[in-house]
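Structure data (compact mmCIF, C-alpha atoms) from work-v3.txt:
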# COMPACT_ATOMS: atom_id res chain seq x y z
CA MET A 1 150.00 54.25 -56.27
CA GLU A 2 149.65 57.99 -56.46
CA GLU A 3 150.48 60.36 -59.20
CA LYS A 4 153.98 61.28 -58.22
CA GLU A 5 156.71 62.25 -60.62
CA ILE A 6 158.92 59.38 -61.64
CA ASN A 7 162.38 59.25 -63.07
CA GLU A 8 163.66 56.90 -65.70
CA GLN A 9 165.05 54.38 -63.25
CA GLU A 10 161.74 54.08 -61.47
CA SER A 11 160.03 53.68 -64.81
CA LEU A 12 162.00 50.56 -65.54
CA GLU A 13 161.23 49.17 -62.12
CA ILE A 14 157.54 49.79 -62.51
CA ILE A 15 157.48 48.09 -65.88
CA SER A 16 159.34 44.99 -64.76
CA GLN A 17 157.41 44.67 -61.50
CA MET A 18 154.09 44.86 -63.30
CA ILE A 19 155.11 42.40 -65.97
CA GLN A 20 156.24 40.01 -63.28
CA SER A 21 153.02 40.24 -61.34
CA ALA A 22 151.03 39.73 -64.54
CA LYS A 23 153.03 36.56 -65.16
CA VAL A 24 152.05 35.17 -61.79
CA ALA A 25 148.41 35.92 -62.45
CA LEU A 26 148.30 33.82 -65.54
CA SER A 27 149.91 30.56 -64.48
CA ASN A 28 147.74 27.55 -65.13
CA ASP A 29 147.35 25.24 -62.17
CA GLY A 30 146.57 22.21 -64.31
CA ILE A 31 143.33 21.20 -62.61
CA PHE A 32 141.53 20.27 -65.80
CA TYR A 33 144.41 18.19 -67.10
CA LEU A 34 144.45 16.30 -63.82
CA LEU A 35 140.69 15.89 -63.80
CA TRP A 36 140.33 14.55 -67.31
CA GLY A 37 143.59 12.66 -67.28
CA PHE A 38 142.53 10.64 -64.27
CA ALA A 39 139.04 10.19 -65.65
CA VAL A 40 140.22 8.62 -68.91
CA PHE A 41 142.93 6.64 -67.12
CA ILE A 42 140.46 5.11 -64.72
CA ALA A 43 137.93 4.37 -67.47
CA ALA A 44 140.48 2.64 -69.68
CA ILE A 45 141.91 0.50 -66.90
CA ALA A 46 138.46 -0.30 -65.60
CA GLN A 47 137.25 -1.45 -68.99
CA PHE A 48 140.38 -3.56 -69.42
CA ILE A 49 139.79 -5.26 -66.08
CA MET A 50 136.13 -5.78 -66.81
CA LEU A 51 136.91 -7.42 -70.13
CA GLN A 52 139.56 -9.63 -68.56
CA ILE A 53 137.33 -10.72 -65.72
CA GLY A 54 134.27 -11.02 -67.90
CA ILE A 55 132.01 -8.36 -66.47
CA SER A 56 129.47 -7.26 -69.00
CA ASN A 57 128.49 -3.69 -69.90
CA ASP A 58 132.17 -2.76 -69.88
CA GLY A 59 131.48 -0.02 -72.42
CA LEU A 60 129.49 1.85 -69.81
CA VAL A 61 132.67 3.05 -68.09
CA TRP A 62 133.04 5.74 -70.74
CA PRO A 63 129.70 7.52 -70.44
CA VAL A 64 129.84 7.19 -66.65
CA VAL A 65 133.31 8.66 -66.35
CA THR A 66 132.65 11.36 -68.95
CA VAL A 67 129.52 12.56 -67.22
CA ALA A 68 131.20 12.54 -63.82
CA ALA A 69 134.23 14.46 -65.06
CA GLY A 70 131.97 16.80 -67.00
CA ILE A 71 129.98 17.69 -63.90
CA ALA A 72 133.15 18.19 -61.88
CA SER A 73 134.57 20.41 -64.63
CA ALA A 74 131.43 22.52 -64.66
CA PHE A 75 131.63 23.02 -60.89
CA VAL A 76 135.28 23.98 -60.92
CA GLY A 77 134.79 26.25 -63.90
CA ARG A 78 131.83 28.04 -62.34
CA ARG A 79 133.65 28.65 -59.08
CA ARG A 80 136.69 30.03 -60.86
CA ALA A 81 134.72 32.29 -63.14
CA HIS A 82 133.88 34.38 -60.12
CA LYS A 83 137.46 35.09 -59.25
CA ILE A 84 139.33 37.88 -60.90
CA ARG A 85 141.10 36.57 -63.93
CA VAL A 86 143.03 37.74 -66.91
CA LYS A 87 142.94 36.17 -70.30
CA THR A 88 146.24 36.10 -72.12
CA PHE A 89 146.98 35.31 -75.71
CA VAL A 90 148.30 31.94 -74.62
CA GLU A 91 145.20 31.03 -72.65
CA GLU A 92 143.04 32.05 -75.54
CA ALA A 93 145.01 29.87 -77.96
CA ILE A 94 144.73 26.97 -75.52
CA ASP A 95 140.97 27.47 -75.29
CA TYR A 96 140.73 27.27 -79.06
CA THR A 97 142.87 24.15 -79.09
CA TRP A 98 140.59 22.31 -76.71
CA MET A 99 137.49 23.54 -78.50
CA ALA A 100 138.91 22.06 -81.69
CA PHE A 101 139.69 18.86 -79.87
CA GLY A 102 136.18 18.60 -78.46
CA ILE A 103 134.49 19.15 -81.79
CA SER A 104 136.78 16.69 -83.55
CA LEU A 105 136.26 14.08 -80.88
CA PHE A 106 132.52 14.46 -81.22
CA ILE A 107 132.65 14.01 -84.98
CA VAL A 108 134.87 10.95 -84.72
CA LEU A 109 132.72 9.30 -82.09
CA VAL A 110 129.35 10.05 -83.62
CA PHE A 111 130.08 9.67 -87.33
CA GLY A 112 133.37 7.91 -87.69
CA TYR A 113 133.26 4.73 -85.69
CA ARG A 114 132.31 2.61 -88.64
CA ASN A 115 134.69 0.57 -90.77
CA MET A 116 138.12 2.09 -91.05
CA ASN A 117 139.23 2.12 -94.62
CA TRP A 118 140.22 4.68 -97.19
CA GLU A 119 136.69 6.00 -97.20
CA SER A 120 137.09 6.87 -93.56
CA VAL A 121 140.47 8.47 -93.97
CA TYR A 122 139.42 11.37 -96.18
CA PRO A 123 136.84 12.56 -93.68
CA MET A 124 139.46 12.23 -90.95
CA MET A 125 141.77 14.46 -92.95
CA MET A 126 139.06 17.07 -93.13
CA ILE A 127 138.72 16.89 -89.38
CA LEU A 128 142.42 17.66 -89.19
CA TYR A 129 142.07 20.52 -91.68
CA GLY A 130 139.39 21.90 -89.44
CA ILE A 131 141.63 21.70 -86.39
CA GLY A 132 144.43 23.58 -88.13
CA THR A 133 142.32 26.34 -89.59
CA PHE A 134 140.07 26.81 -86.58
CA ILE A 135 142.90 27.18 -84.08
CA SER A 136 144.89 29.41 -86.43
CA GLY A 137 141.82 31.55 -87.03
CA GLY A 138 141.31 31.88 -83.31
CA ALA A 139 144.94 32.70 -82.61
CA LEU A 140 145.11 35.22 -85.45
CA ARG A 141 141.72 36.59 -84.48
CA PHE A 142 140.59 36.11 -88.06
CA ARG A 143 137.00 35.08 -88.40
CA PRO A 144 137.07 33.79 -92.02
CA LEU A 145 139.67 31.24 -91.02
CA LYS A 146 137.66 30.16 -88.00
CA ALA A 147 134.58 29.84 -90.19
CA GLY A 148 136.68 27.87 -92.67
CA GLY A 149 137.54 25.47 -89.88
CA LEU A 150 133.90 24.97 -88.99
CA PHE A 151 133.12 24.41 -92.65
CA CYS A 152 135.85 21.76 -92.90
CA TRP A 153 134.27 19.93 -90.00
CA ALA A 154 130.87 20.08 -91.60
CA CYS A 155 132.45 18.66 -94.76
CA ALA A 156 134.02 15.88 -92.70
CA VAL A 157 130.63 14.86 -91.36
CA ALA A 158 129.13 14.93 -94.84
CA ALA A 159 132.01 12.92 -96.23
CA PHE A 160 131.33 10.04 -93.87
CA PHE A 161 128.07 9.45 -95.73
CA VAL A 162 129.21 9.52 -99.34
CA PRO A 163 131.34 7.13 -101.38
CA PHE A 164 134.97 7.84 -102.03
CA LEU A 165 134.43 9.38 -105.45
CA TYR A 166 132.25 12.19 -104.13
CA GLN A 167 134.44 12.72 -101.12
CA LEU A 168 136.92 14.24 -103.53
CA LEU A 169 134.43 16.96 -104.41
CA ILE A 170 133.77 17.56 -100.75
CA ILE A 171 137.49 17.89 -100.04
CA SER A 172 137.89 20.49 -102.75
CA ALA A 173 135.00 22.45 -101.30
CA ALA A 174 136.55 22.13 -97.85
CA VAL A 175 139.89 23.59 -98.90
CA LEU A 176 138.24 26.17 -101.10
CA PHE A 177 136.32 27.68 -98.20
CA GLY A 178 138.73 26.65 -95.48
CA PHE A 179 142.06 27.57 -96.99
CA ILE A 180 141.87 29.34 -100.34
CA ILE A 181 139.29 32.00 -99.68
CA PRO A 182 140.54 32.77 -96.16
CA GLY A 183 144.02 32.81 -97.64
CA PHE A 184 143.06 35.54 -100.09
CA MET A 185 141.30 37.48 -97.38
CA LEU A 186 144.28 37.12 -95.07
CA ARG A 187 146.51 38.45 -97.83
CA SER A 188 144.39 41.52 -98.41
CA ARG A 189 144.24 42.18 -94.68
CA TYR A 190 148.01 41.93 -94.61
CA LYS A 191 148.39 44.41 -97.45
CA ARG A 192 145.99 46.79 -95.78
CA GLU A 193 147.88 46.70 -92.51
CA ALA A 194 151.27 47.00 -94.19
CA ALA A 195 150.06 50.11 -96.00
CA LEU A 196 148.81 51.58 -92.72
CA SER A 197 152.06 51.01 -90.91
CA ILE A 198 154.07 52.89 -93.49
CA SER A 199 151.95 56.02 -93.33
CA MET B 1 177.16 65.46 -76.86
CA LYS B 2 176.01 63.78 -73.66
CA LYS B 3 173.92 66.75 -72.73
CA ASN B 4 172.38 66.78 -76.17
CA ASN B 5 171.32 63.13 -75.91
CA ALA B 6 169.81 63.66 -72.50
CA ALA B 7 167.81 66.61 -73.71
CA THR B 8 166.44 64.89 -76.83
CA SER B 9 165.57 61.57 -75.20
CA PHE B 10 163.98 63.28 -72.27
CA LYS B 11 161.79 65.20 -74.63
CA ASN B 12 160.79 61.94 -76.30
CA LEU B 13 159.36 60.33 -73.19
CA ASP B 14 155.63 60.25 -73.75
CA PRO B 15 154.15 62.30 -70.91
CA LEU B 16 151.04 60.14 -71.02
CA LEU B 17 153.12 57.10 -70.15
CA HIS B 18 155.69 58.82 -67.97
CA SER B 19 153.54 58.70 -64.89
CA GLN B 20 153.55 56.04 -62.20
CA LEU B 21 150.04 54.65 -62.37
CA ARG B 22 149.48 54.98 -66.09
CA LEU B 23 152.80 53.29 -66.80
CA ALA B 24 151.91 50.46 -64.44
CA VAL B 25 148.54 49.95 -66.11
CA MET B 26 150.09 49.91 -69.58
CA SER B 27 152.77 47.45 -68.44
CA LEU B 28 150.12 45.09 -67.11
CA LEU B 29 148.00 45.35 -70.23
CA VAL B 30 150.98 44.72 -72.47
CA SER B 31 151.39 41.36 -70.76
CA VAL B 32 147.81 40.12 -70.91
CA LYS B 33 145.15 40.10 -73.55
CA GLU B 34 142.57 41.75 -71.39
CA ALA B 35 142.30 42.56 -67.74
CA GLU B 36 139.41 43.40 -65.50
CA PHE B 37 139.40 46.71 -63.69
CA LEU B 38 139.63 44.94 -60.35
CA PHE B 39 142.69 43.04 -61.48
CA LEU B 40 144.43 46.28 -62.42
CA LYS B 41 143.40 47.80 -59.11
CA GLU B 42 144.76 44.85 -57.15
CA LYS B 43 148.08 44.79 -58.93
CA THR B 44 148.72 48.53 -58.83
CA ASN B 45 147.34 49.13 -55.34
CA ALA B 46 145.63 52.22 -56.64
CA SER B 47 142.38 53.66 -55.44
CA ALA B 48 139.38 52.96 -57.62
CA GLY B 49 138.82 56.64 -58.31
CA ASN B 50 142.38 57.40 -59.28
CA LEU B 51 142.60 54.30 -61.44
CA SER B 52 139.39 55.26 -63.21
CA VAL B 53 140.74 58.68 -64.00
CA GLN B 54 144.03 57.40 -65.36
CA ILE B 55 142.37 54.71 -67.47
CA GLN B 56 140.07 57.34 -68.92
CA LYS B 57 143.10 59.43 -69.91
CA LEU B 58 144.64 56.42 -71.62
CA LYS B 59 141.35 55.69 -73.30
CA ASP B 60 141.04 59.27 -74.55
CA ALA B 61 144.42 58.90 -76.19
CA ASP B 62 143.26 55.60 -77.71
CA TYR B 63 145.99 53.67 -75.90
CA VAL B 64 143.48 51.34 -74.28
CA SER B 65 139.95 50.26 -75.00
CA VAL B 66 137.38 49.77 -72.30
CA GLU B 67 134.41 47.45 -72.47
CA LYS B 68 131.63 47.02 -69.98
CA LYS B 69 130.31 43.50 -69.70
CA PHE B 70 127.93 41.71 -67.41
CA ARG B 71 128.61 38.51 -65.56
CA ASP B 72 125.71 37.22 -63.48
CA ASN B 73 124.51 40.46 -61.96
CA TYR B 74 127.85 42.19 -61.75
CA SER B 75 128.98 44.74 -64.22
CA LEU B 76 132.56 44.25 -65.28
CA THR B 77 134.94 46.71 -66.83
CA ILE B 78 137.44 45.08 -69.14
CA CYS B 79 140.50 46.91 -70.39
CA ARG B 80 142.58 46.05 -73.39
CA ILE B 81 145.62 47.70 -74.84
CA THR B 82 145.26 48.96 -78.40
CA LYS B 83 147.73 48.70 -81.26
CA LYS B 84 148.43 52.37 -80.80
CA GLY B 85 149.00 51.79 -77.12
CA ILE B 86 151.43 48.97 -77.79
CA ALA B 87 153.35 51.13 -80.23
CA ALA B 88 153.48 54.00 -77.75
CA PHE B 89 154.67 51.67 -75.02
CA GLU B 90 157.40 50.23 -77.20
CA GLU B 91 158.55 53.69 -78.16
CA TYR B 92 158.61 54.67 -74.51
CA VAL B 93 160.77 51.69 -73.65
CA GLU B 94 163.12 52.53 -76.49
CA SER B 95 163.52 56.10 -75.26
CA LEU B 96 164.12 54.79 -71.76
CA LYS B 97 166.83 52.47 -73.01
CA GLN B 98 168.53 55.26 -74.91
CA TYR B 99 168.41 57.52 -71.92
CA ILE B 100 169.67 55.00 -69.41
CA SER B 101 172.38 53.33 -71.43
CA LYS B 102 174.59 56.34 -71.92

Can the structure from this file be put into structure tokens for me?
Amino acid sequence: MEEKEINEQESLEIISQMIQSAKVALSNDGIFYLLWGFAVFIAAIAQFIMLQIGISNDGLVWPVVTVAAGIASAFVGRRRAHKIRVKTFVEEAIDYTWMAFGISLFIVLVFGYRNMNWESVYPMMMILYGIGTFISGGALRFRPLKAGGLFCWACAVAAFFVPFLYQLLIISAAVLFGFIIPGFMLRSRYKREAALSIS
Amino acid sequence: MKKNNAATSFKNLDPLLHSQLRLAVMSLLVSVKEAEFLFLKEKTNASAGNLSVQIQKLKDADYVSVEKKFRDNYSLTICRITKKGIAAFEEYVESLKQYISK
């Protein structure tokens, strides 16, 4: 492309052509969904079969499959990082979503596998709070909300270790720092930006 | 009346955007969150030198921001459109629409 003079018609063509080619650049080819989908599918079926047949160590399928899929993911990710890529708002939001999923999964597996009763539900709710605030904070590009999400998750972990009565205090702390304070800060940011756009 | 509209909307077309390569770059950046220099070069088929110059002009006007990062041993130039750039682009499109749909 050189610097020639353009008329209005050509302008429109340039804009739509470029937007179209940007769209192509950002389509997701689904490799990671395939990779992890198959991994979990195989592990679940394998464990089922092992339990039915009576093979011991059936629980091992999970670490084995997770490590294998993890290594494969790392390889694919490293190779792709070298290619020219763009990062769109959508891809970024998806990244945050899976980050939230990963952290939540970790908390559930490490801290939450014990008896499921009401005492386990409150921490689970805080995991969910964390998911909502963390992803929203990432999508809005608002750090206090992201931090609020991380704090909710920390509260969830703590809550697994205390009796129900004290979980209530933890929940109030979680929403104070995860929702209320970021909410106030979001509001003042909004007012600031609204004032700027008028001037 | 027609002549009047043509004159006013023509005047409104931002000269910074009303140029082939700069408009292409802005259109790409409006679609993605950030784009590497090489991506812009590939999509616009521009020469590296010319693209550099035009991006600098857009950066001087605060329509785009440019960040230099490092990945492995390569240096990477990453371009993002700014709020001001988005507003300018939208205004440009509006003026285009007015001009063309008469």

- Message: Set the distance at 9 Å and use all atoms listed in the file: which residues neighbour segment 156-172 of chain A once local chain neighbours fewer than 6 positions away are removed? I'd like the list as an MDAnalysis selection string.
- Response: chainID A and resid 107:108 111:112 118:120 122:127 130

- Message: Using all atoms listed in the file, can you tell me which of B:Met26, B:Gln20, B:Gly85, B:Glu36 comes closest to Lys68 of chain B?
- Response: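 With all atoms listed in the file as the atom set, the closest residue is B:Glu36.
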
- Message: So that I can check the surroundings of Phe142 of chain A, please list as a VMD selection string every protein, DNA and RNA residue that reaches within 9 Å of it, counting only C-alpha atoms and ignoring chain neighbours fewer than 6 positions away.
- Response: chain A and resid 136 182 186

Can you tell me, as AutoDock Vina command-line options, the centre and edge lengths (Å, one decimal) of the axis-aligned box enclosing all of segment 165-181 of chain A's listed atoms after padding each side by 8 Å?
--center_x 137.2 --center_y 20.7 --center_z -100.5 --size_x 25.8 --size_y 38.6 --size_z 26.0

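When only C-alpha atoms are used to compute distances to chain B, the closest of the residues A:Gln20, A:Gly183, A:Thr88, A:Glu13 turns out to be A:Thr88.
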
Residues of chain B that approach chain A to 7 Å or less, counting only C-alpha atoms: could you list each one with the shortest pair of atoms and its distance in Å to one decimal, rows by chain and increasing residue number, as CSV?
residue,atom,partner,partner_atom,distance
B:Ser19,CA,A:Ile6,CA,6.3
B:Gln20,CA,A:Glu3,CA,6.1
B:Leu21,CA,A:Met1,CA,6.1
B:Ala24,CA,A:Ile14,CA,6.0
B:Ser27,CA,A:Ile15,CA,5.4
B:Leu28,CA,A:Met18,CA,5.5
B:Ser31,CA,A:Ile19,CA,6.2
B:Val32,CA,A:Thr88,CA,4.5
B:Lys33,CA,A:Thr88,CA,4.4
B:Glu34,CA,A:Lys87,CA,5.7
B:Ala35,CA,A:Val86,CA,4.9
B:Glu36,CA,A:Val86,CA,6.9
B:Phe39,CA,A:Ile84,CA,6.2
B:Thr44,CA,A:Met1,CA,6.4
B:Asn45,CA,A:Met1,CA,5.8
B:Ala46,CA,A:Met1,CA,4.8
B:Leu96,CA,A:Glu8,CA,6.4

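Among the candidate residues B:Ile55, B:Glu94, B:Val66, B:Arg71, the one lying nearest to Asp14 of chain B is B:Glu94, with distances computed using only C-alpha atoms.
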
- Task: Work out how far apart atom CA of Ser188 of chain A and atom CA of Ala61 of chain B are and give it in Å to one decimal.
- Result: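 Interatomic distance here is 28.2 Å.
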
- Task: Please return, as a count of residues only, all polymer residues that have at least one atom within 12 Å of the point (134.6, 18.9, -64.4); use all atoms listed in the file and the file's own coordinate frame.
- Result: 25

- Message: Within 7 Å of (134.2, 3.3, -72.2) in the file's own coordinates, which protein, DNA or RNA residues have an atom, counting all atoms listed in the file? List them as a PyMOL selection string.
- Response: chain A and resi 43-44+47+58-63

- The distance between atom CA of Ala93 of chain A and atom CA of Leu196 of chain A is 26.5 Å

- Would you work out the distance separating atom CA of Glu91 of chain B from atom CA of Ala194 of chain A, expressed in Å to one decimal?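 The value is 18.8 Å.
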
- Mind checking which residues fall within 12 Å of Lys69 of chain B, counting all atoms listed in the file, ignoring those fewer than 5 positions away in the same chain, and posting them as a VMD selection string? chain B and resid 36 to 37 74 to 79
